[in-house]
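Scroll down for the structure; my scribbles are underneath it.
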Amino acid sequence: MPTSLTGVIAAVATAVDESGAPDAARSVKLARYLLDTGCDGLNVLGTTGEATSFSREQRMAVMSAYKAAGLPMDRLMVGTGAAATADAIALTRHAAELGFAGALVLPPFYYKGVPDDGLAAYIAAIVAATAARPIPIYLYHFPSQSGLPWHVKLIARLLDAHRDRIVGCKDSSGDMAYAREAAGIAKGFAVFPSTEACLIEARSGIFAGCISATANLNADLCQQAWKGDQAALDKAVTIRKLFDGKPLVAGVKSTLAHIHGDPAWARVAPPLAPFTAADKAAANAGYDAARAKRVA
């Protein structure tokens, strides 16, 4: 199944209201801004989008809001993985009906140490339930969070079983050796590391691009890097490093509040907690300093 998703993809943040529920209007506004300022695409309702903090109904409502706003669905993938297979099926079906370009699927993350047969059955159930309206499936590899890897041997097994549906992988492990090995599984298998630091290497064709949380903050620089600008890449990575060792989602949202002059963006849904005042001040100062440096 061909996929149109390549290049700079932001793992777009989801705004929340005072109750911790999704704020669709703010979320859509940010999505449009990012698409206009450097992103080739967006990953909606991933980790940065706090998907697992929302109910199935809330996630479906957010997905519908992106469609209703007239955003280009062929440039959007959406997280549809869930602990319950029935929820993952419902979310993936909804994504297909709305016309999302891909579904990003976490493994069912509560039970740890499960056999490959169980993970294969989960994917097989999603594929079968969406056969009438197929949507490209990307595997979401984030073992430090999910506790379950899409290891390379399992990916190869899934490709053999569902080659017409499994098209790529988002690798948030930070293990570039894994990313390179996954990219070599099959011709055209689209691997997106989770850092913009890979973008110039990705130009060789080994990766399809990146899906990055900090692309919410530096989409323009990421796009320049994707086109081969090393100075822009260095600047983008400088911004990313502001959050090393810090809660990334809270940090990205705090800095979005700073960039857009909208304090509401600093809100996160439980169980996440807002960025501390000290971390906020340091990140804002670092961001402003990085932006003040010219890129040739």
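Residue numbers start at 1 in each chain; chains themselves are named A, B, ... in the order of the structure tokens; ligands are numbered from 1 in the order shown.
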
Point to revise | Surrounding residues of A:Ala266 excluding itself and chain neighbours under 5 positions, 7 Å, only C-alpha atoms, as a PyMOL selection string | key: chain A and resi 253-254+257+274

Within 8 Å of stretch 85-88 of chain A, which residues of stretch 99-153 of chain A show up? Give each one with its shortest atom-to-atom distance in Å (one decimal) and the two atoms involved, counting only C-alpha atoms, rows by chain then rising residue number, as JSON lines.
```
{"residue": "A:Val105", "atom": "CA", "partner": "A:Ala88", "partner_atom": "CA", "distance": 8.0}
{"residue": "A:Pro108", "atom": "CA", "partner": "A:Thr85", "partner_atom": "CA", "distance": 7.3}
{"residue": "A:Tyr122", "atom": "CA", "partner": "A:Thr85", "partner_atom": "CA", "distance": 6.3}
{"residue": "A:Ala125", "atom": "CA", "partner": "A:Thr85", "partner_atom": "CA", "distance": 7.6}
{"residue": "A:Ile126", "atom": "CA", "partner": "A:Ala88", "partner_atom": "CA", "distance": 7.1}
```

For the residues selected in the previous step, produce a file with N, CA, C and O atoms as a PDB file, in the first residue's frame.
```
ATOM      1  N   VAL A 105       0.221   2.685  15.171  1.00  0.00           N
ATOM      2  CA  VAL A 105      -0.323   1.697  16.108  1.00  0.00           C
ATOM      3  C   VAL A 105       0.697   1.293  17.167  1.00  0.00           C
ATOM      4  O   VAL A 105       1.706   0.639  16.865  1.00  0.00           O
ATOM      5  N   PRO A 108      -0.466  -3.263  22.329  1.00  0.00           N
ATOM      6  CA  PRO A 108      -1.350  -3.220  23.508  1.00  0.00           C
ATOM      7  C   PRO A 108      -0.473  -3.288  24.751  1.00  0.00           C
ATOM      8  O   PRO A 108       0.131  -4.313  25.035  1.00  0.00           O
ATOM      9  N   TYR A 122      -3.022  -9.241  17.551  1.00  0.00           N
ATOM     10  CA  TYR A 122      -3.543  -7.871  17.702  1.00  0.00           C
ATOM     11  C   TYR A 122      -3.538  -7.146  16.355  1.00  0.00           C
ATOM     12  O   TYR A 122      -4.554  -6.574  15.931  1.00  0.00           O
ATOM     13  N   ALA A 125      -6.038  -8.680  13.897  1.00  0.00           N
ATOM     14  CA  ALA A 125      -7.418  -8.288  14.175  1.00  0.00           C
ATOM     15  C   ALA A 125      -7.714  -6.895  13.619  1.00  0.00           C
ATOM     16  O   ALA A 125      -8.792  -6.654  13.048  1.00  0.00           O
ATOM     17  N   ILE A 126      -6.761  -5.964  13.773  1.00  0.00           N
ATOM     18  CA  ILE A 126      -6.952  -4.602  13.243  1.00  0.00           C
ATOM     19  C   ILE A 126      -7.018  -4.626  11.724  1.00  0.00           C
ATOM     20  O   ILE A 126      -7.886  -3.988  11.110  1.00  0.00           O
TER      21      ILE A 126
END
```

Check your understanding: Looking only at the backbone, which of the residues in stretch 261-296 of chain A does DSSP tag as alpha helix (DSSP H), as a list in words?
Key ->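 The residues of stretch 261-296 of chain A classed as alpha helix (DSSP H) are Ala277, Ala278, Asp279, Lys280, Ala281, Ala282, Ala283, Asn284, Ala285, Gly286, Tyr287, Asp288, Ala289, Ala290, Arg291 and Ala292 of chain A.
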
Check your understanding: With only C-alpha atoms as the atoms that count, which of A:Ala197, A:Ala208, A:Val268, A:Ala51 lies nearest to A:Pro247?
Key ->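 The shortest atom-to-atom distance to A:Pro247 comes from A:Val268.
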
Near-A:Met176 list (12 Å; only C-alpha atoms; drop same-chain fewer than 2 positions) as a PDB file with C-alpha atoms, in the first residue's frame:
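New file around-v5.pdb:
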```
ATOM      1  CA  LYS A 170       7.873   5.348  13.898  1.00  0.00           C
ATOM      2  CA  ASP A 171      10.936   4.619  16.011  1.00  0.00           C
ATOM      3  CA  SER A 172      10.992   6.498  19.311  1.00  0.00           C
ATOM      4  CA  SER A 173      13.571   4.220  20.924  1.00  0.00           C
ATOM      5  CA  GLY A 174      16.461   6.567  20.223  1.00  0.00           C
ATOM      6  CA  TYR A 178      17.540  -0.331  15.366  1.00  0.00           C
ATOM      7  CA  ALA A 179      16.147   2.340  13.029  1.00  0.00           C
ATOM      8  CA  ARG A 180      18.671   1.471  10.330  1.00  0.00           C
ATOM      9  CA  GLU A 181      18.012  -2.252  10.694  1.00  0.00           C
ATOM     10  CA  ALA A 182      14.248  -1.713  10.513  1.00  0.00           C
ATOM     11  CA  ALA A 183      14.687   0.439   7.408  1.00  0.00           C
ATOM     12  CA  VAL A 191      11.012   4.353   8.958  1.00  0.00           C
ATOM     13  CA  PHE A 192      10.708   7.663  10.807  1.00  0.00           C
ATOM     14  CA  PRO A 193      13.126   8.201  13.707  1.00  0.00           C
ATOM     15  CA  SER A 194      11.763  10.482  16.414  1.00  0.00           C
ATOM     16  CA  THR A 195      14.499  13.098  16.184  1.00  0.00           C
ATOM     17  CA  ALA A 197      18.851  15.128  14.115  1.00  0.00           C
ATOM     18  CA  CYS A 198      18.505  12.332  11.534  1.00  0.00           C
ATOM     19  CA  GLU A 201      21.132  11.288   6.983  1.00  0.00           C
ATOM     20  CA  ALA A 202      17.523  10.618   5.966  1.00  0.00           C
ATOM     21  CA  ILE A 206      17.476   5.317   4.344  1.00  0.00           C
ATOM     22  CA  PHE A 207      14.675   6.984   6.323  1.00  0.00           C
TER      23      PHE A 207
END
```
